[in-house]
Every structure is written in C-alpha cells, then in structure tokens.
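> This is the structure I want to talk about, given as structure tokens.
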Amino acid sequence: MNAPVAVLHRRRFLDIPQATLTSVGSNVYEVWIPKDAPIHRLTRREPTMDGWEEAIFLIEDVESQPAVASGENGQVIKLHVVVL
C-alpha cells in the first residue's frame, strides 16, 4: 500500500516518506519505519519500539489511535495502528 504516512509532533503532522504501510484489517495497519529514517531525529524519538509506542499517525487523512509497538529488528520498527 502506498498511502502517505505522517506522525503527530508538536501539534502538526510530519510526513514519513520512508515508512511502509500494510493494511491488516478494515481499519488496522502495520507501519514499518526504518531505524535510519530522518524522522527519528526530527521528532526526537528513539529508533526503538519504546520510542514509538503510543505515537499518533495520519493515514489516508485519518488520525489514528495511539500506536502499539509490535516488533523491531536491526533495520526497522513495526507498529500496529488503528484508525477510526
């Protein structure tokens, strides 16, 4: 899925062009963020699961509920995101 992904930071959404988005249900998505993406520095979030736990995303112009970090490896962080 090639929909744009943005994260809420200081009351505005910042695009994450390096993020990969996969639909896993009618309103549930997996967001994969590379650990070397510039967004970590811009938002001052650690490139770890704990650093991205409860992040708010904008997916297909809909604001998400707080994200649940669900995995990471040496290259990416995986989050589950629900939009209402």
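In the structure tokens, chains take the letters A, B, ... in the order shown, each chain's residues start at 1, and ligands count up from 1 in the order shown.
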What's around segment 19-25 of chain A at 10 Å? Count only C-alpha atoms, leave out sequence neighbours fewer than 5 positions away in its own chain, and write the answer as a ChimeraX atom specification.
/A:1-6,30-34,37,39,59,76-82
> Quick one: residues within 10 Å of His9 of chain A, only C-alpha atoms, excluding same-chain residues fewer than 4 positions away - as a PyMOL selection string?
chain A and resi 13-14+42-44+55-57
> For the selection you just gave me, I'd like the residues written to a file as a PDB file, in the first residue's frame, keeping N, CA and C atoms.

ATOM      1  N   PHE A  13       1.453  17.357  11.803  1.00  0.00           N
ATOM      2  CA  PHE A  13       1.855  16.066  11.252  1.00  0.00           C
ATOM      3  C   PHE A  13       3.068  16.226  10.351  1.00  0.00           C
ATOM      4  N   LEU A  14       4.056  15.356  10.572  1.00  0.00           N
ATOM      5  CA  LEU A  14       5.268  15.326   9.754  1.00  0.00           C
ATOM      6  C   LEU A  14       5.243  14.063   8.890  1.00  0.00           C
ATOM      7  N   LEU A  42      14.113  14.222  13.785  1.00  0.00           N
ATOM      8  CA  LEU A  42      13.181  15.349  13.735  1.00  0.00           C
ATOM      9  C   LEU A  42      12.205  15.354  14.910  1.00  0.00           C
ATOM     10  N   THR A  43      11.756  14.182  15.325  1.00  0.00           N
ATOM     11  CA  THR A  43      10.780  14.081  16.409  1.00  0.00           C
ATOM     12  C   THR A  43      11.420  13.803  17.762  1.00  0.00           C
ATOM     13  N   ARG A  44      12.721  13.571  17.751  1.00  0.00           N
ATOM     14  CA  ARG A  44      13.462  13.211  18.962  1.00  0.00           C
ATOM     15  C   ARG A  44      12.932  11.931  19.603  1.00  0.00           C
ATOM     16  N   ALA A  55       2.610   6.585  19.532  1.00  0.00           N
ATOM     17  CA  ALA A  55       2.654   7.662  18.540  1.00  0.00           C
ATOM     18  C   ALA A  55       1.311   7.750  17.826  1.00  0.00           C
ATOM     19  N   ILE A  56       0.937   8.947  17.427  1.00  0.00           N
ATOM     20  CA  ILE A  56      -0.306   9.180  16.681  1.00  0.00           C
ATOM     21  C   ILE A  56       0.069   9.409  15.221  1.00  0.00           C
ATOM     22  N   PHE A  57      -0.590   8.684  14.329  1.00  0.00           N
ATOM     23  CA  PHE A  57      -0.284   8.772  12.910  1.00  0.00           C
ATOM     24  C   PHE A  57      -1.465   9.340  12.129  1.00  0.00           C
TER      25      PHE A  57
END
> Based on the backbone DSSP call, show me all residues of segment 6-77 of chain A assigned strand (DSSP E), as a ChimeraX atom specification.
/A:6-9,12-15,20-23,28-34,57-59,62-63,68-72,76-77
> Deliver the residues from the most recent selection as a file, using C-alpha atoms, as a PDB file, in the first residue's frame.

ATOM      1  CA  ALA A   6       2.667  11.088   8.877  1.00  0.00           C
ATOM      2  CA  VAL A   7       3.290  11.275  12.628  1.00  0.00           C
ATOM      3  CA  LEU A   8       1.965  13.876  15.041  1.00  0.00           C
ATOM      4  CA  HIS A   9       4.736  16.020  16.507  1.00  0.00           C
ATOM      5  CA  ARG A  12       1.361  19.078  13.466  1.00  0.00           C
ATOM      6  CA  PHE A  13       1.855  16.066  11.252  1.00  0.00           C
ATOM      7  CA  LEU A  14       5.268  15.326   9.754  1.00  0.00           C
ATOM      8  CA  ASP A  15       5.484  13.079   6.687  1.00  0.00           C
ATOM      9  CA  THR A  20       5.927   1.319   4.663  1.00  0.00           C
ATOM     10  CA  LEU A  21       2.224   0.773   5.274  1.00  0.00           C
ATOM     11  CA  THR A  22       0.355  -2.538   5.138  1.00  0.00           C
ATOM     12  CA  SER A  23      -3.366  -2.989   5.732  1.00  0.00           C
ATOM     13  CA  VAL A  28      -5.828  -1.713  11.219  1.00  0.00           C
ATOM     14  CA  TYR A  29      -2.426  -1.068   9.645  1.00  0.00           C
ATOM     15  CA  GLU A  30       1.157  -2.118  10.161  1.00  0.00           C
ATOM     16  CA  VAL A  31       3.588   0.770   9.877  1.00  0.00           C
ATOM     17  CA  TRP A  32       7.254  -0.089   9.296  1.00  0.00           C
ATOM     18  CA  ILE A  33       9.746   2.702   9.971  1.00  0.00           C
ATOM     19  CA  PRO A  34      13.415   2.205   9.069  1.00  0.00           C
ATOM     20  CA  PHE A  57      -0.284   8.772  12.910  1.00  0.00           C
ATOM     21  CA  LEU A  58      -2.183  10.225   9.974  1.00  0.00           C
ATOM     22  CA  ILE A  59      -3.086   7.515   7.460  1.00  0.00           C
ATOM     23  CA  VAL A  62      -7.485   9.935   9.180  1.00  0.00           C
ATOM     24  CA  GLU A  63      -5.889  10.370  12.598  1.00  0.00           C
ATOM     25  CA  VAL A  68       1.174  -0.223  19.651  1.00  0.00           C
ATOM     26  CA  ALA A  69       4.777  -1.190  19.010  1.00  0.00           C
ATOM     27  CA  SER A  70       4.867  -4.813  17.957  1.00  0.00           C
ATOM     28  CA  GLY A  71       8.390  -5.614  16.840  1.00  0.00           C
ATOM     29  CA  GLU A  72      11.781  -4.464  15.686  1.00  0.00           C
ATOM     30  CA  VAL A  76      13.007  -1.433  11.132  1.00  0.00           C
ATOM     31  CA  ILE A  77      10.423  -0.794  13.826  1.00  0.00           C
TER      32      ILE A  77
END
> From the set A:Arg41, A:Met49, A:Gln18, A:Asn27, which residue has the shortest atom-to-atom contact distance to Ser64 of chain A, counting only C-alpha atoms?
A:Asn27
> Enumerate the residues of chain A with a DSSP assignment of helix (DSSP H, G or I), computed from the backbone, and present them as number ranges by chain.
A: 39-43, 49-52
> Now that the selection is made, can you save its residues with C-alpha atoms as a JSON list (two decimals), in the first residue's frame?

[["chain", "number", "residue", "atom", "x", "y", "z"],
["A", 39, "ILE", "CA", 12.05, 11.23, 11.32],
["A", 40, "HIS", "CA", 13.68, 9.86, 14.50],
["A", 41, "ARG", "CA", 15.94, 12.89, 14.71],
["A", 42, "LEU", "CA", 13.18, 15.35, 13.73],
["A", 43, "THR", "CA", 10.78, 14.08, 16.41],
["A", 49, "MET", "CA", 9.82, 0.10, 19.96],
["A", 50, "ASP", "CA", 9.60, 2.07, 23.23],
["A", 51, "GLY", "CA", 10.46, 5.29, 21.42],
["A", 52, "TRP", "CA", 7.46, 4.94, 19.10]]
> How many Å lie between atom CA of Pro17 of chain A and atom CA of Leu84 of chain A, rounded to one decimal?
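Here the two named atoms are 22.6 Å from each other.
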> By how many Å are atom CA of Thr48 of chain A and atom CA of Lys35 of chain A apart?
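We find that atom CA of Thr48 of chain A and atom CA of Lys35 of chain A lie 7.7 Å from each other.
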